[in-house]
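Working notes, beginning with the structure itself.
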Amino acid sequence: MPAVEEGTAHSQAQPLEFREVTKRYPGSSEAAVDGLSLEVPAGEICVLVGPSGCGKTTAMRMVNRMIDLTSGDILIGGRSIKDRKPEELRREIGYVIQHIGLFPHRTIGENVATVPKLLGWDKGRTAKRVDELIELVGLDPSEHRDRYPVQLSGGQRQRVGVARALAVDPPIMLMDEPFGAIDPINRERLQNEFLRLQAELRKTIIFVTHDIDEAIKMGDRIAIMQVGGKLAQYAAPAELLMYPASRFVEDFVGSDRALKRLALQRVRDIDLWTAAAIRPGTPVAEAREKIAEADVPYAMLVDDAGRPKGWLSDRALAGERVTKELRSPAEPIVELDDVLRDALADLLSSETRYGAVVDSKGALAGVLSLEVIQHFLHAAPPASPTGAELLRE
Amino acid sequence: MNLLPLAQLKIEKPGGSDSCAASNDFCPGWIAENIGRYWDPLLEHVVLTLVPVAIGFAISMALAIMAHRRRWLTGPIITVTGIFFAIPSVAAFFLLQPITGLGTTTAMVALTSYTLLIIFRNITTGLRNVPAETRDAAIGQGLTQRQVLVRVELPMATPEIMAGLRIATSTTVGLAALAVFAGGGGLGTEILVDKYFKSNVVVAGGLAVLLAAVLDLLILTAQRAVTPWQRARS
């Protein structure tokens with residue numbers, strides 16, 4: 001992935017703060033957003049999520065003054081948005097919406113060049129930046145630059161929407177259900193691509209969605225809002241899943257929140273059980289000693305490189321030295337880098353109690369069992385990695 | 001009211017031997033010999049069409065932009081231009097005479113008033129058909145209201161605007177044939193000079209139809225040139 005051009009005015013990400021933000025529409029008794037306060041550290045994705053009518057989009061649109069605040073304030077890098085001219089403020093904030101809103105009468109290149117043109121960049125600099133961005137979002141400048149939006153697929157158009165929002169390297173991005181209109185398979189791909197991009201760009205992002213799974217995947221922090229524009233909980237994904245602050249949050253994240261937590265963790269993140277790794281020919285006495293020390297009452301036969309071959313039967317331990325008689329094969333085998341949810345799926349579908357965990361070289365590193373996972377789910381969350389961090393590794 | 005001194009003139013039908021012309025028939029020979037006399041009226045007709053359409057376009061555009069900002073203006077504007085549109089043209093010529101006298105100006109004023117409703121409605125429709133998300137994206141990127149109008153809304157409304165111009169132009173070519181009643185000249189004068197002579201009526205009328213077709217084609221060509229995205233398909 002090409003590096004982002006340096007030296008643009010706003011390349012440094014900035015923190016964003018909602019301070020007691022309230023929006024009341026005239027003629028409506030209930031507030032659309034009610035006393036919302038939260039801070040988003042520079043370079044993080046804050047997902048606003050909640051049912052329809054919870055004020056999440058209204059909250060987002062107040063950041064670039066598409067909607068005016070009734071009371072309270074929003075600060076970008078410590079500076080109030082009220083002091084800015086709306087047009088100038090908006091040019092410094094990337095804006096991506098569900099329906100993308102590309103200009104159908106402009107080519108892809110011209111669409112991406114919208115804000116540079118508003119800021120009066122010269123042609124050479126704009127053209128260079130446009131090609132750079134088209135490439136950044138995974139399209140081919142020479143092939144796509146001079147096409148019209150109607151000639152692109154939905155996914156490609158969404159990429160162009162992101163490229164356009166990034167044109168002048170804004171410190172803040174607003175994204176309103178950016179992948180909402182994309183089919184599930186392409187949505188997943190675009191989400192992953194965007195997280196990879198974000199790992200490099202480190203923008204401060206307000207991301208609006210109604211989909212809790214998307215929120216968990218995309219967010220460094222999640223703000224769950226409820227009808228009436230109130231903030232129900234603001235926390236990192238794992239914390240939210242572990243400790244929902246209210247009945248509303250618990251219902252909203254779903255009864256499968258334990259499974260959702262598993263999607264945020266890798267096998268290496270949890271305390272695995274140990275098993276005795278025995279090479280054929282080992283004295284039985286030594287083998288029994290190892291078995292006694294291990295968590296699992298069975299021994300794993302391994303080859304010279306330590307790769308698991310199968311669980312030893314009692315008869316293999318009946319003589320002087322360990323033989324190669326197995327009670328069951330070493331299935332499933334999961335890797336330390338596997339996402340916990342996938343490892344659990346392997347464990348469940350193989351109908352065995354223990355799953356052999358191997359490191360990147362294939363050597364036995366531990367044992368995974370349903371009990372191990374259960375224990376993990378009931379323990380306090382460790383420093384919780386986010387979807388973005390998982391992808392970065 | 002001595003409106004039509006021209007009506008007393010008669011087309012001279014040269015060559016008494018030409019029995020065809022004498023019997024007011026359709027005579028290719030006569031047409032070939034006399035086609036030259038129609039060029040000046042045709043030119044007048046072109047002016048009688050293009051000037052009202054151009055002025056009408058300018059006025060309609062101004063009205064449409066006003067009504068775009070202040071929606072409540074749309075109804076009153078349509079009512080007023082609708083009344084203009086409904087006044088029979090000959091009546092309009094007579095009504096205008098005390099103000100603008102007899103001649104081209106009267107014809108132009110009346111013809112311009114007919115274009116307003118058509119062009120205004122089309123511009124308004126075009127502007128309203130711009131999808132909300134496109135407008136939202138434009139504003140969200142920091143375009144000013146004026147930039148949204150000039151760079152996004154008007155270009156996107158071009159197909160509808162051009163369609164309005166085409167209808168207005170064709171209509172005006174037809175109505176301009178009546179400008180003769182305002183003393184405005186044009187091909188209508190030639191028709192009225194000898195309305196019983198088939199060759200005359202066919203040539204004058206035919207030229208008007210041809211003019212309408214050519215102008216329509218020109219506007220269509222212009223539209224295609226300025227809206228390349230309309231033909232873009234993968």
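Chains: A, B, ... in order of the structure tokens. Residues: from 1 per chain. Ligands: from 1, in order shown.
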Hey, what's within 12 Å of stretch 121-129 of chain A if we count only C-alpha atoms and toss same-chain stuff fewer than 4 positions away? As JSON, numbers by chain, please?
-> {"A": [2, 3, 4, 5, 6, 8, 108, 109, 110, 111, 112, 113, 114, 115, 116, 117, 133, 134, 135, 136, 141, 142, 145, 146, 163, 164, 166, 167, 168, 169]}
Proximal residues of chain B relative to chain A (only C-alpha atoms; 7 Å) as a ChimeraX atom specification = /B:133-134,137,140-144,156,229,232-234
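For the pair atom CA of B:Ile219 and atom CA of B:Leu42, the interatomic distance is 19.0 Å.
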Non-local contacts of stretch 301-308 of chain A (7 Å; only C-alpha atoms; under 5 positions in same chain excluded) as a ChimeraX atom specification = /A:277-280,330,362-364
List every residue of stretch 271-332 of chain A that DSSP, applied to the backbone, labels as strand (DSSP E), and write the result as an MDAnalysis selection string.
-> chainID A and resid 276:278 299:302 308:312 326:329
Let's have the selection written as a tab-separated table (two decimals), in the first residue's frame, with C-alpha atoms.
chain	number	residue	atom	x	y	z
A	276	ALA	CA	2.43	-33.92	27.93
A	277	ALA	CA	4.24	-34.03	24.56
A	278	ILE	CA	5.81	-37.46	24.27
A	299	ALA	CA	-0.47	-37.54	26.45
A	300	MET	CA	0.14	-36.29	22.93
A	301	LEU	CA	2.47	-38.21	20.68
A	302	VAL	CA	4.73	-35.79	18.86
A	308	PRO	CA	1.29	-33.45	17.32
A	309	LYS	CA	0.52	-36.91	15.84
A	310	GLY	CA	-2.28	-38.20	18.06
A	311	TRP	CA	-3.43	-38.93	21.60
A	312	LEU	CA	-1.63	-41.96	23.06
A	326	LEU	CA	-3.07	-44.03	19.53
A	327	ARG	CA	-6.53	-43.76	21.07
A	328	SER	CA	-7.50	-40.92	18.69
A	329	PRO	CA	-5.91	-38.70	16.07
Do a neighbour search on stretch 56-60 of chain B at 12 Å with only C-alpha atoms, toss out local chain neighbours closer than 5 positions, and write the hits as an MDAnalysis selection string.
-> chainID B and resid 49:51 65:68 74 77:78 81 108:124 161:162 164:166 168:169 172
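The interatomic distance for the pair atom CA of A:Asp269 and atom CA of A:Leu336 works out to 8.4 Å.
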